[in-house]
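The structure under discussion appears below in the form of structure tokens.
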Amino acid sequence: MPTPLLTPPPDCLAVLQTLRSHGHTAYLCGGCVRDALLGRPAKDYDIATAATPEQVEALFPRTVPVGKAFGVMIVVSGDVQYEVATFRSDLAYIDGRRPEGVVFSTPREDAERRDFTMNALFYDPFTDEVVDYVGGREDIRRRLVRAVGDPPARFREDNLRLLRAVRFAARTGFAVEDATWRAVTDLAPLAATVSPERIAQETEKILLDGQSRRAFSLLYESGLLAVILPEVAAMAGVEQPPDFHPEGDVWEHTLILLDLADRAVRGEYRPALPERPDAPAGMDRGEFTPDDYAAAVRDCRDALKAWQKTTLAWAGLLHDIGKPQTFTVSDRIRFNNHDLLGAEMAVAVLTRLRRSRRVTDGVYDLIRRHIHFSTLRKMRKSKLRRWLQDSSFPMHLELHRLDCESSHRMLANWFFGVQAWREEKARPPEPEPLLRGGDLVALGLPPGPEIGKILAAVEDARLEGTVGTHSEALALARRLAGLDSEGKGGTA
């Protein structure tokens with residue numbers, strides 16, 4: 001007996017069976033069918049049906065009317081929510097985003113109003129049949145992203161589809177069908193009408209999907225990038241000093257970085273490029289083997305929370321957007337303070353796209369300090385240890401690795417940082433502070449900012465290893481405060 005194309009969870013089958021037992025046609029639809037034909041696991045299971053929203057509400061005890069006016073309901077079955085949408089045709093689109101309304105219709109009409117043929121497929125899990133009214137199965141076989149019906153009409157209905165065409169092409173590795181691609185390039189200016197939130201969400205999906213290099217290449221070639229992220233498009237053609245950037249201009253550097261980030265997203269951690277043979281003394285990788293390298297990259301990425309992965313992805317894309325405006329030629333090509341300007345520009349971009357404060361602040365910190373990372377080996381021990389203890393340090397490590405490997409490939413600072421970070425993680429938890437503010441007040445110091453400065457200096461000394469006990473810390477505090485051993489002002 002052949003293996004069925006899709007085996008949805010029992011709760012999903014129960015929803016389908018309930019609809020059918022009451023006389024309503026019901027299929028799985030959209031992404032789960034597409035991904036099954038591509039040999040990929042389904043991320044979720046959506047259902048299309050002839051039942052109206054009111055009939056869906058009457059059939060199931062737990063529903064949520066998330067888009068009832070457009071025929072979309074959520075049915076809660078077991079512990080999972082399933083989107084159940086009524087077959088529909090759309091009325092006129094007036095804002096480049098959504099129709100004025102919908103008319104409940106047939107499976108064929110529902111398929112014909114969808115964006116791309118690969119997303120307009122239905123599947124009957126009870127008969128193992130793919131229902132295809134638009135040639136989507138053949139386009140998948142031919143590895144084509146094709147708009148349903150007339151491409152310009154589909155893109156004018158919802159301008160976000162311009163970006164989705166690129167994302168699906170990158171995600172699947174498919175070519176964009178010629179007429180569809182012409183429509184994308186001709187209508188690229190319409191992307192300016194898409195809301196900032198939708199642009200940001202689509203861009204983040206691209207950045208985190210493991211195929212961002214191809215997606216951003218297509219965005220640039222189509223003209224979409226200049227519309228949605230002109231600061232990024234401006235990097236193309238900006239030359240760099242070949243000694244440090246043999247890979248080419250700022251845009252080529254960014255594309256290589258995105259490719260390296262994609263590999264890490266896909267779990268491919270081994271070095272992508274050979275070590276630079278002419279690296280200066282002290283700038284090679286030392287005793288690290290390729291396996292050590294892969295393990296270190298994995299450690300860094302495993303330490304990141306979901307929001308930090310998003311932050312790192314944005315920082316990788318935007319880390320050099322300050323270069324076009326700081327380009328100068330003196331003894332060589334230079335980009336003085338491009339890190340500081342780029343950090344400010346990144347904040348402006350992410351604020352425009354209405355990203356969270358946490359992500360925006362994180363990207364600002366990563367870009368502002370991405371050049372500063374090269375001073376790691378010269379830092380005072382206390383300053384280094386404070387940075388190593390910060391939860392953002394694995395992001396800094398990974399951005400530095402990506403930046404170096406996509407340019408000069410001199411990774412000595414990264415390897416030093418990895419070793420120092422691992423050593424810091426292996427230390428036992430820090431004990432209670434050696435001194436508190438009350439100890440200094442007891443010495444006769446008045447409450448105020450001076451106490452905070454002295455406590456910070458004492459903590460630095462502990463991190464440096466020069467003090468380790470309460471009495472040693474108290475003696476240091478007295479010296480810093482200019483007090484003699486009896487707590488009186490000393491004489492200089």
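Simple scheme: letters A, B, ... for chains in structure tokens order, numbers from 1 for residues in each chain, numbers from 1 for ligands in the order shown.
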
For this session: Could you give me, as a PyMOL selection string, the residues within 10 Å of His400 (chain A), counting only C-alpha atoms and dropping anything in the same chain fewer than 4 positions from it?
Result: chain A and resi 316+366+369-374+394-396+404-406+411+413-414+417

Export N, CA and C atoms of the chosen residues as a PDB file, in the first residue's frame?
```
ATOM      1  N   GLY A 316      23.522  41.422  11.104  1.00  0.00           N
ATOM      2  CA  GLY A 316      24.341  40.965   9.983  1.00  0.00           C
ATOM      3  C   GLY A 316      23.994  41.687   8.695  1.00  0.00           C
ATOM      4  N   LEU A 366      25.224  45.693  18.806  1.00  0.00           N
ATOM      5  CA  LEU A 366      26.061  44.826  17.976  1.00  0.00           C
ATOM      6  C   LEU A 366      26.818  45.620  16.922  1.00  0.00           C
ATOM      7  N   ARG A 369      29.520  48.138  18.348  1.00  0.00           N
ATOM      8  CA  ARG A 369      30.737  47.535  18.902  1.00  0.00           C
ATOM      9  C   ARG A 369      31.376  46.498  17.982  1.00  0.00           C
ATOM     10  N   HIS A 370      30.901  46.384  16.734  1.00  0.00           N
ATOM     11  CA  HIS A 370      31.430  45.285  15.920  1.00  0.00           C
ATOM     12  C   HIS A 370      32.887  45.524  15.505  1.00  0.00           C
ATOM     13  N   ILE A 371      33.329  46.769  15.449  1.00  0.00           N
ATOM     14  CA  ILE A 371      34.753  47.045  15.220  1.00  0.00           C
ATOM     15  C   ILE A 371      35.516  46.940  16.529  1.00  0.00           C
ATOM     16  N   HIS A 372      34.867  47.369  17.600  1.00  0.00           N
ATOM     17  CA  HIS A 372      35.475  47.347  18.939  1.00  0.00           C
ATOM     18  C   HIS A 372      35.871  45.928  19.342  1.00  0.00           C
ATOM     19  N   PHE A 373      35.221  44.924  18.768  1.00  0.00           N
ATOM     20  CA  PHE A 373      35.512  43.531  19.125  1.00  0.00           C
ATOM     21  C   PHE A 373      36.981  43.197  18.875  1.00  0.00           C
ATOM     22  N   SER A 374      37.599  43.868  17.915  1.00  0.00           N
ATOM     23  CA  SER A 374      38.992  43.558  17.584  1.00  0.00           C
ATOM     24  C   SER A 374      39.953  43.921  18.711  1.00  0.00           C
ATOM     25  N   PRO A 394      27.506  36.027  23.137  1.00  0.00           N
ATOM     26  CA  PRO A 394      27.493  35.074  22.010  1.00  0.00           C
ATOM     27  C   PRO A 394      27.053  35.721  20.694  1.00  0.00           C
ATOM     28  N   MET A 395      26.172  36.728  20.742  1.00  0.00           N
ATOM     29  CA  MET A 395      25.791  37.430  19.509  1.00  0.00           C
ATOM     30  C   MET A 395      26.990  38.184  18.942  1.00  0.00           C
ATOM     31  N   HIS A 396      27.751  38.851  19.813  1.00  0.00           N
ATOM     32  CA  HIS A 396      28.939  39.566  19.359  1.00  0.00           C
ATOM     33  C   HIS A 396      29.954  38.598  18.752  1.00  0.00           C
ATOM     34  N   CYS A 404      34.328  38.495   9.786  1.00  0.00           N
ATOM     35  CA  CYS A 404      35.704  38.153   9.404  1.00  0.00           C
ATOM     36  C   CYS A 404      35.746  37.088   8.307  1.00  0.00           C
ATOM     37  N   GLU A 405      34.923  36.065   8.452  1.00  0.00           N
ATOM     38  CA  GLU A 405      34.991  34.971   7.476  1.00  0.00           C
ATOM     39  C   GLU A 405      34.480  35.419   6.104  1.00  0.00           C
ATOM     40  N   SER A 406      33.667  36.473   6.068  1.00  0.00           N
ATOM     41  CA  SER A 406      33.189  36.970   4.783  1.00  0.00           C
ATOM     42  C   SER A 406      34.092  38.059   4.221  1.00  0.00           C
ATOM     43  N   LEU A 411      40.809  35.214  12.085  1.00  0.00           N
ATOM     44  CA  LEU A 411      39.861  34.880  13.139  1.00  0.00           C
ATOM     45  C   LEU A 411      40.491  34.766  14.523  1.00  0.00           C
ATOM     46  N   ASN A 413      40.993  36.922  16.914  1.00  0.00           N
ATOM     47  CA  ASN A 413      40.219  37.551  17.988  1.00  0.00           C
ATOM     48  C   ASN A 413      38.979  36.723  18.327  1.00  0.00           C
ATOM     49  N   TRP A 414      38.375  36.119  17.306  1.00  0.00           N
ATOM     50  CA  TRP A 414      37.211  35.286  17.563  1.00  0.00           C
ATOM     51  C   TRP A 414      37.580  34.059  18.381  1.00  0.00           C
ATOM     52  N   GLY A 417      38.125  35.041  21.860  1.00  0.00           N
ATOM     53  CA  GLY A 417      36.857  35.321  22.514  1.00  0.00           C
ATOM     54  C   GLY A 417      36.106  34.058  22.880  1.00  0.00           C
TER      55      GLY A 417
END
```

Exercise. In region 84-238 of chain A, what's helix (DSSP H, G or I) per DSSP? Answer as a ChimeraX atom specification?
Worked result: /A:107-112,117-119,136-141,151-157,161-172,178-186,188-193,196-208,212-222,224-228,230-233

Exercise. Excluding same-chain residues fewer than 4 positions from region 431-442 of chain A, what lies within 10 Å of it counting only C-alpha atoms, as a ChimeraX atom specification?
Worked result: /A:446-448,450-452,454-456,458-459,462,467-474,477-478,481,487

Exercise. So which residues of region 215-417 of chain A fall under strand (DSSP E) by DSSP, listed as a list in words?
Worked result: Phe327, Thr328, Val329, Ile333, Arg334 and Phe335 of chain A

Would you mind exporting N, CA and C atoms of the selected residues as a tab-separated table (two decimals), in the first residue's frame?
```tsv
chain	number	residue	atom	x	y	z
A	327	PHE	N	32.58	56.69	3.18
A	327	PHE	CA	33.62	56.31	2.22
A	327	PHE	C	34.57	57.50	1.98
A	328	THR	N	35.86	57.29	2.23
A	328	THR	CA	36.89	58.28	1.91
A	328	THR	C	38.12	57.56	1.39
A	329	VAL	N	38.96	58.28	0.68
A	329	VAL	CA	40.22	57.73	0.19
A	329	VAL	C	41.34	58.64	0.67
A	333	ILE	N	41.37	53.24	1.01
A	333	ILE	CA	39.95	53.44	1.26
A	333	ILE	C	39.68	53.27	2.74
A	334	ARG	N	38.95	54.22	3.31
A	334	ARG	CA	38.61	54.15	4.73
A	334	ARG	C	37.13	54.45	4.94
A	335	PHE	N	36.60	53.94	6.06
A	335	PHE	CA	35.21	54.18	6.45
A	335	PHE	C	35.21	54.61	7.92
```

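Near Arg352 (chain A), within a cut-off of 9 Å and counting only C-alpha atoms, sit the residues Pro196, Glu197, Val347 and Ala348 of chain A, with same-chain residues fewer than 4 positions away left out.
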
Exercise. Which residues come within 12 Å of Gln55 (chain A), counting only C-alpha atoms, excluding same-chain residues fewer than 6 positions away, as a PyMOL selection string?
Worked result: chain A and resi 18-19+22-24+49+61+63+68+71-73+75+84-86

For this session: Might you pull out every residue within 12 Å of Gln201 (chain A), with only C-alpha atoms counted and same-chain residues fewer than 5 positions away left off, and present them as a ChimeraX atom specification?
Result: /A:160,163-164,167,194-196,206-208,310,314,350,353-356

Exercise. Leaving out Ala346 (chain A) and any residue of its chain fewer than 5 positions from it, which residues lie within 8 Å of it when counting only C-alpha atoms, given as a list in words?
Worked result: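 The residues satisfying every condition are Leu318, His319, Ile321, Thr360, Val363 and Tyr364 of chain A.
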
Put those residues in a file: N, CA, C and O atoms, as a PDB file, in the first residue's frame.
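Result file is out09.pdb:
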```pdb
ATOM      1  N   LEU A 318      22.592  44.686   8.431  1.00  0.00           N
ATOM      2  CA  LEU A 318      22.742  46.140   8.522  1.00  0.00           C
ATOM      3  C   LEU A 318      24.101  46.598   9.033  1.00  0.00           C
ATOM      4  O   LEU A 318      24.349  47.808   9.113  1.00  0.00           O
ATOM      5  N   HIS A 319      25.020  45.684   9.345  1.00  0.00           N
ATOM      6  CA  HIS A 319      26.223  46.090  10.080  1.00  0.00           C
ATOM      7  C   HIS A 319      27.100  47.085   9.325  1.00  0.00           C
ATOM      8  O   HIS A 319      27.859  47.837   9.938  1.00  0.00           O
ATOM      9  N   ILE A 321      25.848  49.390   6.908  1.00  0.00           N
ATOM     10  CA  ILE A 321      25.078  50.396   6.158  1.00  0.00           C
ATOM     11  C   ILE A 321      25.643  51.809   6.343  1.00  0.00           C
ATOM     12  O   ILE A 321      25.284  52.720   5.589  1.00  0.00           O
ATOM     13  N   THR A 360      15.770  46.313  18.517  1.00  0.00           N
ATOM     14  CA  THR A 360      16.425  47.528  18.027  1.00  0.00           C
ATOM     15  C   THR A 360      17.638  47.877  18.868  1.00  0.00           C
ATOM     16  O   THR A 360      18.719  48.180  18.331  1.00  0.00           O
ATOM     17  N   VAL A 363      20.468  45.360  18.155  1.00  0.00           N
ATOM     18  CA  VAL A 363      21.144  45.600  16.877  1.00  0.00           C
ATOM     19  C   VAL A 363      22.065  46.813  17.007  1.00  0.00           C
ATOM     20  O   VAL A 363      23.200  46.796  16.502  1.00  0.00           O
ATOM     21  N   TYR A 364      21.595  47.854  17.672  1.00  0.00           N
ATOM     22  CA  TYR A 364      22.434  49.047  17.885  1.00  0.00           C
ATOM     23  C   TYR A 364      23.733  48.665  18.593  1.00  0.00           C
ATOM     24  O   TYR A 364      24.833  49.068  18.176  1.00  0.00           O
TER      25      TYR A 364
END
```

For this session: Go through A:Ala111, A:Leu463, A:Leu304, A:Ile47 one by one, measure the shortest atom-to-atom distance of each to Leu397 (chain A) using only C-alpha atoms, and give the residue with the smallest value.
Result: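 Of the candidates, the smallest distance to Leu397 (chain A) is held by A:Leu304.
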
Exercise. Between A:His253, A:Lys453, A:Arg108, A:Arg161, which has the minimum distance to Leu224 (chain A) (counting only C-alpha atoms)?
Worked result: A:Arg161

Exercise. In terms of the shortest atom-to-atom distance over only C-alpha atoms, which of A:Ala175, A:Leu218, A:Val33, A:Leu6 is closest to Phe126 (chain A)?
Worked result: A:Leu6
